[in-house]
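Source file: work_37.cif. Holds: mmCIF, C-alpha atoms.
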data_structure
loop_
_atom_site.label_atom_id
_atom_site.label_comp_id
_atom_site.auth_asym_id
_atom_site.auth_seq_id
_atom_site.Cartn_x
_atom_site.Cartn_y
_atom_site.Cartn_z
CA MET A 750 46.34 -77.86 71.82
CA THR A 751 42.84 -76.81 70.79
CA SER A 752 42.99 -73.90 68.39
CA THR A 753 40.80 -70.86 68.91
CA SER A 754 39.87 -70.96 65.24
CA THR A 755 38.15 -74.33 65.79
CA LEU A 756 36.29 -72.68 68.63
CA SER A 757 35.16 -69.71 66.57
CA SER A 758 34.05 -71.93 63.69
CA MET A 759 32.06 -74.08 66.14
CA ARG A 760 30.44 -70.91 67.53
CA ARG A 761 29.52 -69.86 63.99
CA LEU A 762 28.05 -73.32 63.31
CA VAL A 763 25.88 -73.12 66.45
CA GLU A 764 24.68 -69.62 65.49
CA GLN A 765 23.92 -70.83 61.95
CA LEU A 766 21.95 -73.83 63.26
CA LYS A 767 19.97 -71.58 65.60
CA LEU A 768 19.09 -69.37 62.62
CA GLU A 769 18.02 -72.33 60.51
CA ALA A 770 15.97 -73.80 63.37
CA SER A 771 14.07 -70.52 63.75
CA VAL A 772 12.76 -70.53 60.16
CA GLU A 773 8.96 -70.37 59.97
CA ARG A 774 7.61 -73.46 58.25
CA ILE A 775 4.30 -74.49 56.75
CA LYS A 776 2.91 -78.01 56.38
CA VAL A 777 3.89 -80.02 53.32
CA SER A 778 0.20 -80.47 52.47
CA GLN A 779 -0.22 -76.70 52.16
CA ALA A 780 3.08 -76.20 50.31
CA ALA A 781 2.26 -79.04 47.90
CA ALA A 782 -1.21 -77.66 47.24
CA GLU A 783 0.27 -74.29 46.30
CA LEU A 784 2.91 -75.81 43.99
CA GLN A 785 0.13 -77.76 42.29
CA GLN A 786 -2.08 -74.68 41.98
CA TYR A 787 0.75 -72.74 40.30
CA CYS A 788 1.26 -75.56 37.77
CA LEU A 789 -2.41 -75.79 36.89
CA GLN A 790 -2.91 -72.03 36.67
CA ASN A 791 -0.01 -71.63 34.24
CA ALA A 792 -0.42 -74.85 32.26
CA GLY A 793 -2.15 -73.11 29.36
CA LYS A 794 0.87 -70.90 28.67
CA ASP A 795 3.40 -73.74 28.87
CA ALA A 796 4.29 -74.49 25.23
CA LEU A 797 6.38 -77.55 26.07
CA LEU A 798 3.48 -78.97 28.09
CA VAL A 799 0.45 -78.36 25.92
CA GLY A 800 1.98 -77.48 22.57
CA VAL A 801 1.04 -74.31 20.70
CA PRO A 802 -1.02 -73.75 17.54
CA THR A 803 0.95 -74.82 14.48
CA GLY A 804 3.02 -72.03 13.12
CA SER A 805 3.40 -70.09 16.32
CA ASN A 806 6.40 -71.97 17.70
CA PRO A 807 9.38 -70.64 15.73
CA PHE A 808 11.49 -73.65 16.56
CA ARG A 809 8.99 -76.08 15.12
CA GLU A 810 9.34 -74.50 11.72
CA PRO A 811 12.15 -75.68 9.44
CA ARG A 812 14.77 -72.94 9.37
CA SER A 813 14.95 -72.52 5.63
CA CYS A 814 11.56 -70.86 5.42
CA SER A 815 11.44 -69.17 8.80
CA ILE A 816 12.31 -65.48 8.70
CA GLY A 817 13.37 -62.71 6.35
CA GLN A 818 16.44 -62.08 8.45
CA ASP A 819 17.82 -65.42 7.33
CA VAL A 820 17.63 -64.22 3.72
CA VAL A 821 19.39 -60.94 4.54
CA LEU A 822 22.30 -62.78 6.16
CA VAL A 823 22.63 -65.10 3.18
CA LEU A 824 22.68 -62.16 0.76
CA GLY A 825 25.36 -60.50 2.85
CA LEU A 826 27.66 -63.49 2.38
CA ASP A 827 26.93 -63.84 -1.32
CA LEU A 828 27.89 -60.24 -2.06
CA GLY A 829 31.17 -60.71 -0.23
CA LEU A 830 30.34 -57.91 2.20
CA ASP A 831 32.73 -57.87 5.14
CA MET B 1018 54.50 -80.46 73.86
CA ARG B 1019 52.33 -82.79 75.95
CA SER B 1020 52.20 -80.98 79.27
CA PRO B 1021 52.39 -77.19 79.43
CA LEU B 1022 55.13 -75.78 81.62
CA ILE B 1023 52.88 -73.09 83.05
CA PRO B 1024 49.83 -74.09 85.14
CA GLU B 1025 47.66 -71.23 83.69
CA MET B 1026 48.11 -72.63 80.21
CA ALA B 1027 46.89 -76.03 81.39
CA THR B 1028 43.76 -74.48 82.88
CA GLN B 1029 43.14 -72.47 79.70
CA GLU B 1030 43.43 -75.57 77.54
CA VAL B 1031 40.99 -77.47 79.74
CA GLN B 1032 38.54 -74.58 79.55
CA LEU B 1033 38.85 -74.41 75.76
CA ASN B 1034 38.21 -78.13 75.47
CA GLU B 1035 35.20 -77.88 77.75
CA THR B 1036 33.73 -74.99 75.75
CA LEU B 1037 34.36 -76.89 72.53
CA ALA B 1038 32.67 -80.02 73.87
CA HIS B 1039 29.72 -77.92 75.06
CA LEU B 1040 29.38 -76.25 71.66
CA LYS B 1041 29.61 -79.61 69.94
CA SER B 1042 26.76 -81.07 71.97
CA GLU B 1043 24.73 -77.90 71.45
CA SER B 1044 25.17 -78.19 67.69
CA GLU B 1045 24.19 -81.88 67.75
CA SER B 1046 21.01 -81.11 69.68
CA LEU B 1047 20.18 -78.18 67.37
CA LYS B 1048 20.58 -80.46 64.35
CA SER B 1049 18.15 -83.03 65.79
CA LYS B 1050 15.74 -80.28 66.78
CA LEU B 1051 15.84 -79.01 63.19
CA GLU B 1052 15.02 -82.48 61.85
CA GLU B 1053 12.21 -82.87 64.41
CA GLU B 1054 10.63 -79.54 63.50
CA ARG B 1055 10.82 -80.36 59.79
CA ALA B 1056 9.33 -83.83 60.37
CA LYS B 1057 6.35 -82.47 62.34
CA LEU B 1058 5.06 -80.72 59.23
CA HIS B 1059 5.65 -83.69 56.93
CA ASP B 1060 2.00 -84.71 56.85
CA VAL B 1061 1.77 -85.85 53.23
CA GLU B 1062 3.82 -86.50 50.07
CA LEU B 1063 3.60 -84.19 47.05
CA HIS B 1064 2.57 -87.03 44.72
CA GLN B 1065 -0.27 -87.93 47.09
CA VAL B 1066 -1.62 -84.38 46.92
CA ALA B 1067 -1.32 -84.61 43.13
CA GLU B 1068 -3.21 -87.90 42.81
CA LYS B 1069 -6.35 -86.19 41.55
CA VAL B 1070 -4.50 -84.17 38.91
CA GLU B 1071 -4.91 -85.39 35.35
CA GLY B 1072 -1.95 -87.38 34.08
CA LEU B 1073 0.14 -86.07 31.20
CA GLY B 1074 -0.27 -87.50 27.72
CA GLN B 1075 2.39 -88.53 25.24
CA PHE B 1076 5.07 -85.99 24.46
CA VAL B 1077 6.41 -85.29 21.01
CA MET B 1078 9.65 -83.49 21.63
CA LYS B 1079 12.56 -83.75 19.30
CA THR B 1080 15.69 -81.99 18.15
CA ARG B 1081 14.70 -79.03 16.00
CA ARG B 1082 18.14 -77.46 15.58
CA THR B 1083 21.69 -78.70 16.02
CA LEU B 1084 24.38 -76.06 16.65
CA LYS B 1085 27.77 -77.25 15.43
CA GLY B 1086 30.98 -75.32 15.73
CA HIS B 1087 32.66 -76.00 19.04
CA GLY B 1088 35.88 -77.98 18.78
CA ASN B 1089 35.47 -79.76 22.09
CA LYS B 1090 33.03 -80.51 24.92
CA VAL B 1091 30.28 -77.93 25.42
CA LEU B 1092 30.24 -77.12 29.14
CA CYS B 1093 27.68 -74.37 29.61
CA MET B 1094 25.04 -72.34 27.82
CA ASP B 1095 22.55 -69.56 28.51
CA TRP B 1096 19.64 -67.97 26.64
CA CYS B 1097 19.34 -64.32 25.79
CA LYS B 1098 16.11 -62.61 26.92
CA ASP B 1099 15.21 -62.21 23.24
CA LYS B 1100 14.39 -65.96 23.27
CA ARG B 1101 16.46 -66.67 20.19
CA ARG B 1102 20.12 -66.03 20.95
CA ILE B 1103 22.28 -68.39 22.94
CA VAL B 1104 25.76 -68.15 24.38
CA SER B 1105 27.76 -71.34 24.87
CA SER B 1106 31.23 -72.14 26.20
CA SER B 1107 33.51 -75.09 25.68
CA GLN B 1108 36.57 -77.00 26.81
CA ASP B 1109 38.28 -75.68 23.69
CA GLY B 1110 38.36 -72.21 25.23
CA LYS B 1111 35.79 -70.72 22.87
CA VAL B 1112 32.66 -68.80 23.74
CA ILE B 1113 30.14 -68.59 20.88
CA VAL B 1114 26.96 -66.54 20.50
CA TRP B 1115 24.41 -68.23 18.23
CA ASP B 1116 21.11 -67.28 16.67
CA ALA B 1117 19.17 -70.44 17.58
CA PHE B 1118 16.47 -69.86 14.93
CA THR B 1119 18.91 -69.82 12.02
CA THR B 1120 21.83 -71.68 13.72
CA ASN B 1121 24.18 -68.90 12.56
CA LYS B 1122 27.15 -67.96 14.73
CA GLU B 1123 27.05 -64.26 15.52
CA HIS B 1124 30.13 -63.84 17.71
CA ALA B 1125 33.06 -65.94 18.82
CA VAL B 1126 35.65 -65.23 21.49
CA THR B 1127 38.70 -67.27 22.35
CA MET B 1128 39.43 -67.24 26.06
CA PRO B 1129 43.00 -67.42 27.35
CA CYS B 1130 42.15 -70.65 29.21
CA THR B 1131 40.61 -73.99 28.33
CA TRP B 1132 37.60 -75.42 30.21
CA VAL B 1133 35.31 -72.41 30.12
CA MET B 1134 32.86 -73.90 32.59
CA ALA B 1135 30.53 -70.97 32.98
CA CYS B 1136 28.85 -68.47 30.71
CA ALA B 1137 25.88 -66.16 31.00
CA TYR B 1138 23.99 -63.65 28.86
CA ALA B 1139 23.45 -60.14 30.22
CA PRO B 1140 19.79 -59.11 30.66
CA SER B 1141 20.22 -56.33 28.08
CA GLY B 1142 21.52 -58.82 25.51
CA CYS B 1143 24.51 -56.55 24.99
CA ALA B 1144 27.18 -58.56 26.81
CA VAL B 1145 28.17 -62.04 27.90
CA ALA B 1146 30.12 -63.22 30.94
CA CYS B 1147 32.31 -66.30 31.11
CA GLY B 1148 35.11 -68.00 32.99
CA GLY B 1149 36.52 -71.31 34.15
CA LEU B 1150 40.03 -72.55 34.87
CA ASP B 1151 41.31 -68.99 34.81
CA ASN B 1152 39.54 -68.53 38.20
CA LYS B 1153 37.97 -65.36 36.86
CA CYS B 1154 34.68 -64.15 35.46
CA SER B 1155 35.10 -61.75 32.55
CA VAL B 1156 32.49 -59.67 30.76
CA TYR B 1157 32.61 -59.11 26.97
CA PRO B 1158 30.39 -56.38 25.51
CA LEU B 1159 28.91 -57.67 22.24
CA SER B 1160 29.65 -55.49 19.29
CA LEU B 1161 27.29 -55.00 16.35
CA ASP B 1162 30.37 -54.97 14.14
CA LYS B 1163 31.15 -58.63 13.57
CA ASN B 1164 34.72 -57.89 12.66
CA GLU B 1165 35.52 -56.18 15.92
CA ASN B 1166 37.82 -58.10 18.19
CA LEU B 1167 35.67 -58.76 21.25
CA ALA B 1168 38.66 -59.77 23.34
CA ALA B 1169 39.95 -56.19 23.21
CA LYS B 1170 37.01 -54.86 25.24
CA LYS B 1171 37.12 -57.65 27.83
CA LYS B 1172 36.57 -56.65 31.44
CA SER B 1173 37.80 -58.85 34.29
CA VAL B 1174 35.19 -58.74 37.02
CA ALA B 1175 35.49 -61.62 39.48
CA MET B 1176 38.58 -63.21 41.01
CA HIS B 1177 38.37 -66.47 42.89
CA THR B 1178 41.13 -68.69 44.22
CA ASN B 1179 39.93 -71.70 42.27
CA TYR B 1180 37.94 -72.44 39.11
CA LEU B 1181 34.77 -70.55 38.26
CA SER B 1182 31.91 -73.07 38.14
CA ALA B 1183 28.91 -70.82 37.42
CA CYS B 1184 28.00 -67.19 36.89
CA SER B 1185 24.80 -65.21 36.48
CA PHE B 1186 23.92 -61.55 36.02
CA THR B 1187 21.41 -60.29 38.57
CA ASN B 1188 18.46 -58.17 37.39
CA SER B 1189 20.73 -55.82 35.48
CA ASP B 1190 24.02 -55.78 33.59
CA MET B 1191 25.66 -54.16 36.63
CA GLN B 1192 26.09 -57.10 38.99
CA ILE B 1193 27.29 -60.67 38.62
CA LEU B 1194 26.95 -63.58 41.00
CA THR B 1195 29.64 -66.27 40.82
CA SER B 1196 30.33 -69.67 42.37
CA SER B 1197 33.71 -71.33 42.58
CA GLY B 1198 35.77 -74.41 43.29
CA ASP B 1199 37.18 -72.36 46.19
CA GLY B 1200 33.97 -73.14 48.12
CA THR B 1201 32.47 -69.66 48.01
CA CYS B 1202 29.95 -67.63 46.03
CA ALA B 1203 30.38 -63.92 45.48
CA LEU B 1204 28.50 -60.87 44.21
CA TRP B 1205 30.48 -58.38 42.10
CA ASP B 1206 30.00 -54.90 40.66
CA VAL B 1207 30.70 -55.23 36.94
CA GLU B 1208 31.88 -51.66 36.35
CA SER B 1209 34.44 -51.47 39.15
CA GLY B 1210 35.16 -55.18 39.67
CA GLN B 1211 34.52 -54.62 43.36
CA LEU B 1212 33.44 -57.50 45.59
CA LEU B 1213 30.06 -56.53 47.04
CA GLN B 1214 29.29 -59.60 49.14
CA SER B 1215 30.77 -63.03 49.68
CA PHE B 1216 28.95 -66.16 50.74
CA HIS B 1217 30.73 -68.68 52.95
CA GLY B 1218 29.22 -71.90 54.19
CA HIS B 1219 29.87 -74.67 51.71
CA ALA B 1220 32.49 -77.15 52.88
CA ALA B 1221 33.75 -77.95 49.38
CA ASP B 1222 33.56 -76.76 45.73
CA VAL B 1223 30.37 -74.90 44.83
CA LEU B 1224 29.23 -76.21 41.44
CA CYS B 1225 26.07 -74.30 40.58
CA LEU B 1226 23.80 -71.44 41.47
CA ASP B 1227 20.45 -69.95 40.49
CA LEU B 1228 18.86 -66.60 41.31
CA ALA B 1229 15.34 -66.49 42.69
CA PRO B 1230 12.74 -65.09 40.25
CA SER B 1231 12.75 -61.32 40.71
CA GLU B 1232 9.32 -61.23 42.36
CA THR B 1233 10.58 -63.41 45.18
CA GLY B 1234 13.25 -61.08 46.44
CA ASN B 1235 16.98 -61.08 46.90
CA THR B 1236 17.91 -64.70 47.38
CA PHE B 1237 19.76 -67.36 45.45
CA VAL B 1238 20.44 -71.06 45.84
CA SER B 1239 23.79 -72.84 45.40
CA GLY B 1240 24.77 -76.51 45.27
CA GLY B 1241 28.12 -78.12 45.92
CA CYS B 1242 30.42 -81.09 46.32
CA ASP B 1243 29.50 -81.14 50.03
CA LYS B 1244 26.06 -82.51 48.89
CA LYS B 1245 24.38 -79.40 50.28
CA ALA B 1246 22.03 -76.94 48.66
CA ASN B 1247 22.15 -73.57 50.43
CA VAL B 1248 19.74 -70.66 50.12
CA TRP B 1249 21.38 -67.26 50.66
CA ASP B 1250 20.26 -63.72 51.46
CA MET B 1251 22.11 -61.59 48.89
CA ARG B 1252 22.19 -58.47 51.01
CA SER B 1253 23.45 -59.92 54.29
CA GLY B 1254 25.55 -62.79 52.93
CA GLN B 1255 23.77 -65.10 55.35
CA CYS B 1256 22.81 -68.68 54.57
CA ILE B 1257 19.12 -68.78 55.50
CA GLN B 1258 18.24 -72.40 54.69
CA SER B 1259 20.32 -75.50 54.01
CA PHE B 1260 19.34 -78.89 52.62
CA GLU B 1261 21.45 -82.02 52.77
CA THR B 1262 19.61 -85.03 51.38
CA HIS B 1263 21.58 -85.80 48.22
CA GLU B 1264 24.12 -88.60 48.39
CA SER B 1265 26.68 -87.02 46.11
CA ASP B 1266 27.76 -83.75 44.42
CA ILE B 1267 24.96 -81.38 43.41
CA ASN B 1268 25.69 -80.35 39.81
CA SER B 1269 22.69 -78.15 39.12
CA VAL B 1270 20.06 -76.15 41.00
CA ARG B 1271 17.08 -74.32 39.51
CA TYR B 1272 14.20 -72.39 41.09
CA TYR B 1273 10.61 -73.45 40.49
CA PRO B 1274 8.95 -70.64 38.47
CA SER B 1275 6.93 -69.37 41.48
CA GLY B 1276 10.10 -69.07 43.57
CA ASP B 1277 8.63 -71.21 46.36
CA ALA B 1278 10.78 -74.26 45.62
CA PHE B 1279 13.87 -75.37 43.76
CA ALA B 1280 15.07 -78.53 42.01
CA SER B 1281 18.52 -80.06 42.12
CA GLY B 1282 20.38 -82.64 40.02
CA SER B 1283 23.17 -84.75 41.43
CA ASP B 1284 25.84 -87.36 40.74
CA ASP B 1285 23.66 -89.69 42.86
CA ALA B 1286 21.46 -90.04 39.69
CA THR B 1287 18.47 -88.31 41.27
CA CYS B 1288 16.73 -84.97 40.89
CA ARG B 1289 15.01 -83.62 43.99
CA LEU B 1290 12.50 -80.90 44.76
CA TYR B 1291 12.85 -78.79 47.91
CA ASP B 1292 10.01 -76.56 49.08
CA LEU B 1293 11.31 -73.40 50.74
CA ARG B 1294 8.24 -72.70 52.86
CA ALA B 1295 7.96 -76.28 54.17
CA ASP B 1296 11.74 -76.17 54.55
CA ARG B 1297 12.27 -79.74 53.31
CA GLU B 1298 12.69 -82.10 50.38
CA VAL B 1299 9.23 -82.88 48.96
CA ALA B 1300 9.99 -85.12 45.98
CA ILE B 1301 12.69 -87.38 44.53
CA TYR B 1302 12.80 -88.06 40.79
CA SER B 1303 14.60 -91.35 40.27
CA LYS B 1304 14.35 -94.82 38.80
CA GLU B 1305 16.35 -97.95 39.49
CA SER B 1306 17.32 -98.03 35.82
CA ILE B 1307 18.83 -94.54 35.97
CA ILE B 1308 22.32 -94.91 37.38
CA PHE B 1309 24.23 -92.05 35.78
CA GLY B 1310 24.57 -88.61 37.30
CA VAL B 1311 22.41 -85.61 36.44
CA SER B 1312 24.42 -82.67 35.14
CA SER B 1313 21.68 -80.05 34.72
CA VAL B 1314 18.00 -79.43 35.41
CA ASP B 1315 15.37 -76.88 34.42
CA PHE B 1316 11.60 -76.46 34.67
CA SER B 1317 9.08 -75.86 31.92
CA LEU B 1318 7.23 -72.52 32.15
CA SER B 1319 4.42 -73.74 34.43
CA GLY B 1320 6.73 -75.84 36.59
CA ARG B 1321 4.87 -79.03 35.70
CA LEU B 1322 7.77 -80.57 33.80
CA LEU B 1323 11.35 -81.00 35.03
CA PHE B 1324 13.98 -81.66 32.36
CA GLY B 1325 17.18 -83.40 33.44
CA GLY B 1326 20.33 -83.80 31.35
CA TYR B 1327 22.22 -86.95 32.28
CA ASN B 1328 25.72 -88.39 31.95
CA ASP B 1329 24.26 -91.37 30.05
CA TYR B 1330 23.65 -89.00 27.09
CA THR B 1331 19.87 -88.81 27.63
CA ILE B 1332 17.32 -86.25 28.79
CA ASN B 1333 14.65 -87.48 31.19
CA VAL B 1334 11.42 -85.50 31.46
CA TRP B 1335 9.64 -85.74 34.83
CA ASP B 1336 6.11 -84.89 35.95
CA VAL B 1337 7.01 -82.64 38.89
CA LEU B 1338 3.72 -83.21 40.74
CA LYS B 1339 3.30 -86.95 40.28
CA GLY B 1340 6.98 -87.85 40.48
CA THR B 1341 6.89 -90.04 37.38
CA ARG B 1342 9.00 -89.93 34.24
CA VAL B 1343 6.95 -88.89 31.20
CA SER B 1344 9.55 -89.07 28.47
CA ILE B 1345 13.14 -89.96 27.65
CA LEU B 1346 14.91 -88.12 24.83
CA PHE B 1347 17.82 -89.44 22.82
CA GLY B 1348 20.10 -87.65 20.41
CA HIS B 1349 23.34 -86.56 22.00
CA GLU B 1350 26.35 -88.81 21.48
CA ASN B 1351 27.99 -88.06 24.77
CA ARG B 1352 27.15 -86.61 28.20
CA VAL B 1353 24.60 -83.84 28.37
CA SER B 1354 26.44 -81.17 30.34
CA THR B 1355 24.04 -78.22 30.32
CA LEU B 1356 20.30 -77.66 29.83
CA ARG B 1357 18.16 -74.50 29.84
CA VAL B 1358 14.55 -73.81 28.92
CA SER B 1359 14.09 -70.71 26.74
CA PRO B 1360 12.76 -67.53 28.42
CA ASP B 1361 9.25 -67.93 26.97
CA GLY B 1362 9.18 -71.70 27.43
CA THR B 1363 8.79 -72.58 23.75
CA ALA B 1364 11.91 -74.75 23.61
CA PHE B 1365 14.86 -75.95 25.63
CA SER B 1366 18.50 -76.18 24.70
CA THR B 1367 21.11 -78.74 25.68
CA GLY B 1368 24.88 -78.75 25.36
CA SER B 1369 26.96 -81.91 25.32
CA TRP B 1370 30.43 -83.39 25.47
CA ASP B 1371 29.69 -84.44 21.86
CA HIS B 1372 30.65 -80.81 20.92
CA THR B 1373 27.14 -79.82 19.86
CA LEU B 1374 24.13 -77.97 21.21
CA ARG B 1375 20.60 -79.07 20.42
CA ILE B 1376 17.33 -77.14 20.53
CA TRP B 1377 14.33 -79.29 21.47
CA ALA B 1378 10.63 -78.46 21.08
#
Starting from the file, lay out its structure as C-alpha cells.
Amino acid sequence: MTSTSTLSSMRRLVEQLKLEASVERIKVSQAAAELQQYCLQNAGKDALLVGVPTGSNPFREPRSCSIGQDVVLVLGLDLGLD
Amino acid sequence: MRSPLIPEMATQEVQLNETLAHLKSESESLKSKLEEERAKLHDVELHQVAEKVEGLGQFVMKTRRTLKGHGNKVLCMDWCKDKRRIVSSSQDGKVIVWDAFTTNKEHAVTMPCTWVMACAYAPSGCAVACGGLDNKCSVYPLSLDKNENLAAKKKSVAMHTNYLSACSFTNSDMQILTSSGDGTCALWDVESGQLLQSFHGHAADVLCLDLAPSETGNTFVSGGCDKKANVWDMRSGQCIQSFETHESDINSVRYYPSGDAFASGSDDATCRLYDLRADREVAIYSKESIIFGVSSVDFSLSGRLLFGGYNDYTINVWDVLKGTRVSILFGHENRVSTLRVSPDGTAFSTGSWDHTLRIWA
C-alpha cells in the first residue's frame, strides 16, 4: 500500500524543484567576469598571492625574535609563577 | 494483504498511486527544465574568460610553524579573529587553543568523547565551540586564568541524533550553526540552547558548512555524503539552491570572498567552483595524477588562490581563474584533515592525522 508519507515527501520535492527552477540566473560570461574583477581588485592586499614587504608578515619571522610577549611568557615560567 | 476487502480502499489506493505517479513525472520534468535553464546561460568557461589575465609566478610557501601537542589525529581547526590564535580538536578528545606566533598552548580542554570532529572560535575570541561523537556542540568560555578548569563552565548548546561534523558561530557569540551525521543542519541560541531553525534536505550525513560573508546576507552552504551542496536561507530554513555535480562525498565547502560563489572539496579528488548567480558549476580543479580525496578547501584573501588539503598528505594550490595548479606543498606525514586561511590572509594553517598543525606562509 502506498504510504501517505511518500506522497507528502514527493509533494515537498516538487515544491522544492519549482523553487529552484524559479531562481533568477545570469550568464556564466557575466558571472565569470565579476569573479575575475574581484580577484584583480583585491590582488594587492593578498599576502599569500603577492607576498608582503619583508618584516611585515609575522609568520615569516623566526619565532625566537618576534615579539616581547614571547619574552614575558618565558620569564613567567622561569620564576615558577603559577 | 494483496486485495483490500473494502472497495473504497481499493479506489483510494489507485488514486494515491496515480497522484504519486503524476508527482513523479512532474518532478522529472522540473529537473530537466532546471538543467535546460542552467545550460542556456552556459555561454563560456571561466578559464576562457581568464585567458587574458596574467599567469601567476612561482610560489615560495613553506611551513613556518609546527604546532605539536595533540596525542592523535587533528580533525579540525579554526582561527581567532585576532589572526594569531588557533583552536584545534583531535581524535584524542582534546581541544587546544594555541598562539600561532609563538606556538605556545594557551588552553586545553579534554572532552568526554573521542573524535572531536568540529571546533570553532567565537567572534569575540572569548569562547570556543566543539563537538563530535557526543552528538553535541558545547561552548567553553576561555578564561584568562590558565589554571581555571575550563570544563567546569561548559555549556551544552546543540543536540543532534548523530555525530557533529561542523560548527560555526554566526556574526556574534550568541548563535551557532551546526551540521550533523543525522542529515540536518541547525541554528541554535547559545545562551538558552534553544533550536532556532533546522535545515532539512540532505539525503545523508552533512559533513561541512560555511557561512556567507556578512555583507552577502543570511545564507550558508552545506555539503554532504549525498554529493550535494545546498545553499540555505537562515531565516526561513529553505534550501534556495542545490548543486549535484560531485561524484562522491563533499568534505568541505567555502565561500569565495565576495560571497558570489563557493568552492567544494570531495572524495572524488576534485575541487569545484559554483557561481551562485549563474546557478551552476563554473570550474573543476583536478588532475589525472591526483587520485586521493580532498578533505578541506579555502581561498586566499583575493579569491585568486584555492588551497586544498588532500588525503595523500599534500596541499595543492590552484589558480581559481585559470583552473591550473600553481604549487604542491609537502610536509605533513599523514592526511591533511583541515585547512583554513588566517583572517587577514597572511598565512594558512593545516591540521593532519600526523597529530600536528602547520602554519604556512
Could you list, as a PDB file with C-alpha atoms, in the coordinates of the input, every residue within 9 Å of Lys794 of chain A, counting all atoms listed in the file and ignoring same-chain residues fewer than 4 positions away?
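The file below, selection.pdb, is the result:
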ATOM      1  CA  GLN A 790      -2.910 -72.030  36.670  1.00  0.00           C
ATOM      2  CA  LEU A 798       3.480 -78.970  28.090  1.00  0.00           C
ATOM      3  CA  VAL A 799       0.450 -78.360  25.920  1.00  0.00           C
ATOM      4  CA  VAL A 801       1.040 -74.310  20.700  1.00  0.00           C
TER       5      VAL A 801
ATOM      6  CA  LEU B1318       7.230 -72.520  32.150  1.00  0.00           C
ATOM      7  CA  SER B1319       4.420 -73.740  34.430  1.00  0.00           C
ATOM      8  CA  GLY B1362       9.180 -71.700  27.430  1.00  0.00           C
TER       9      GLY B1362
END
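Nearest residue to chain A, choosing from B:Ser1259, B:Ser1141, B:Asn1089, B:Thr1331 and counting all atoms listed in the file: B:Ser1259.
Look at Thr755 of chain A: the protein and nucleic acid residues within 12 Å of it, using only C-alpha atoms and passing over chain neighbours fewer than 5 places away, are Met750, Arg760, Arg761 and Leu762 of chain A; Leu1033, Asn1034, Thr1036, Leu1037, Ala1038, Leu1040 and Lys1041 of chain B.
Take the PyMOL selection byres ((chain B) within 6 of (chain A)) and apply it to this file: it picks B:Ser1044, B:Leu1051, B:Leu1058, B:His1059, B:Val1061, B:Leu1063, B:Thr1119, B:Gln1258, B:Arg1294, B:Ala1295, B:Leu1318, B:Ser1319, B:Gly1320, B:Arg1321, B:Thr1363.
Distance annotation: of B:Arg1375, B:Leu1047, B:Val1156, B:Ala1139, the residue with the minimal separation from Ala1169 of chain B is B:Val1156; atom set is all atoms listed in the file.
Summary of the local environment: counting all atoms listed in the file, residues at most 8 Å from Asp1284 of chain B, other than itself and those fewer than 3 positions away along its chain, are Glu1264, Ser1265, Asp1266, Ile1267, Asn1268, Thr1287, Phe1309, Gly1310, Val1311 and Ser1312 of chain B.
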With 3 Å added on each side, what axis-aligned box encloses every listed atom of segment 789-795 of chain A? Give the centre and edge lengths in Å to one decimal, as JSON.
{"center_x": 0.2, "center_y": -73.3, "center_z": 32.8, "size_x": 12.3, "size_y": 10.9, "size_z": 14.2}
- Query: Just so the selection is clear, what residues does the PyMOL selection byres ((chain B and resi 1197-1211) around 7) cover here, as an MDAnalysis selection string?
  - Reply: chainID B and resid 1174:1175 1177:1182 1191:1196 1212:1217 1219:1224
Write the selection just made, keeping C-alpha atoms, as a PDB file, in the coordinates of the input?
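Output file again_1.pdb is given in full below:
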ATOM      1  CA  VAL B1174      35.190 -58.740  37.020  1.00  0.00           C
ATOM      2  CA  ALA B1175      35.490 -61.620  39.480  1.00  0.00           C
ATOM      3  CA  HIS B1177      38.370 -66.470  42.890  1.00  0.00           C
ATOM      4  CA  THR B1178      41.130 -68.690  44.220  1.00  0.00           C
ATOM      5  CA  ASN B1179      39.930 -71.700  42.270  1.00  0.00           C
ATOM      6  CA  TYR B1180      37.940 -72.440  39.110  1.00  0.00           C
ATOM      7  CA  LEU B1181      34.770 -70.550  38.260  1.00  0.00           C
ATOM      8  CA  SER B1182      31.910 -73.070  38.140  1.00  0.00           C
ATOM      9  CA  MET B1191      25.660 -54.160  36.630  1.00  0.00           C
ATOM     10  CA  GLN B1192      26.090 -57.100  38.990  1.00  0.00           C
ATOM     11  CA  ILE B1193      27.290 -60.670  38.620  1.00  0.00           C
ATOM     12  CA  LEU B1194      26.950 -63.580  41.000  1.00  0.00           C
ATOM     13  CA  THR B1195      29.640 -66.270  40.820  1.00  0.00           C
ATOM     14  CA  SER B1196      30.330 -69.670  42.370  1.00  0.00           C
ATOM     15  CA  LEU B1212      33.440 -57.500  45.590  1.00  0.00           C
ATOM     16  CA  LEU B1213      30.060 -56.530  47.040  1.00  0.00           C
ATOM     17  CA  GLN B1214      29.290 -59.600  49.140  1.00  0.00           C
ATOM     18  CA  SER B1215      30.770 -63.030  49.680  1.00  0.00           C
ATOM     19  CA  PHE B1216      28.950 -66.160  50.740  1.00  0.00           C
ATOM     20  CA  HIS B1217      30.730 -68.680  52.950  1.00  0.00           C
ATOM     21  CA  HIS B1219      29.870 -74.670  51.710  1.00  0.00           C
ATOM     22  CA  ALA B1220      32.490 -77.150  52.880  1.00  0.00           C
ATOM     23  CA  ALA B1221      33.750 -77.950  49.380  1.00  0.00           C
ATOM     24  CA  ASP B1222      33.560 -76.760  45.730  1.00  0.00           C
ATOM     25  CA  VAL B1223      30.370 -74.900  44.830  1.00  0.00           C
ATOM     26  CA  LEU B1224      29.230 -76.210  41.440  1.00  0.00           C
TER      27      LEU B1224
END
- Taking (15.3, -83.6, 49.3) in the file's coordinates as the center, which residues reach within 8 Å of it, counting only C-alpha atoms, put as a list in words? Phe1260, Glu1261, Thr1262, His1263, Arg1289, Leu1290, Tyr1291, Arg1297, Glu1298, Val1299, Ala1300 and Ile1301 of chain B
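A straight line drawn from atom CA of Asp1250 of chain B to atom CA of Cys1147 of chain B is 23.8 Å long.
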Within 6 Å of (18.2, -78.5, 23.0) (file coordinates; all atoms listed in the file), which protein or nucleic acid residues are there? I'd like them as a PDB file with C-alpha atoms, in the frame of the given file.
ATOM      1  CA  PHE B1365      14.860 -75.950  25.630  1.00  0.00           C
ATOM      2  CA  SER B1366      18.500 -76.180  24.700  1.00  0.00           C
ATOM      3  CA  THR B1367      21.110 -78.740  25.680  1.00  0.00           C
ATOM      4  CA  ARG B1375      20.600 -79.070  20.420  1.00  0.00           C
ATOM      5  CA  ILE B1376      17.330 -77.140  20.530  1.00  0.00           C
ATOM      6  CA  TRP B1377      14.330 -79.290  21.470  1.00  0.00           C
TER       7      TRP B1377
END
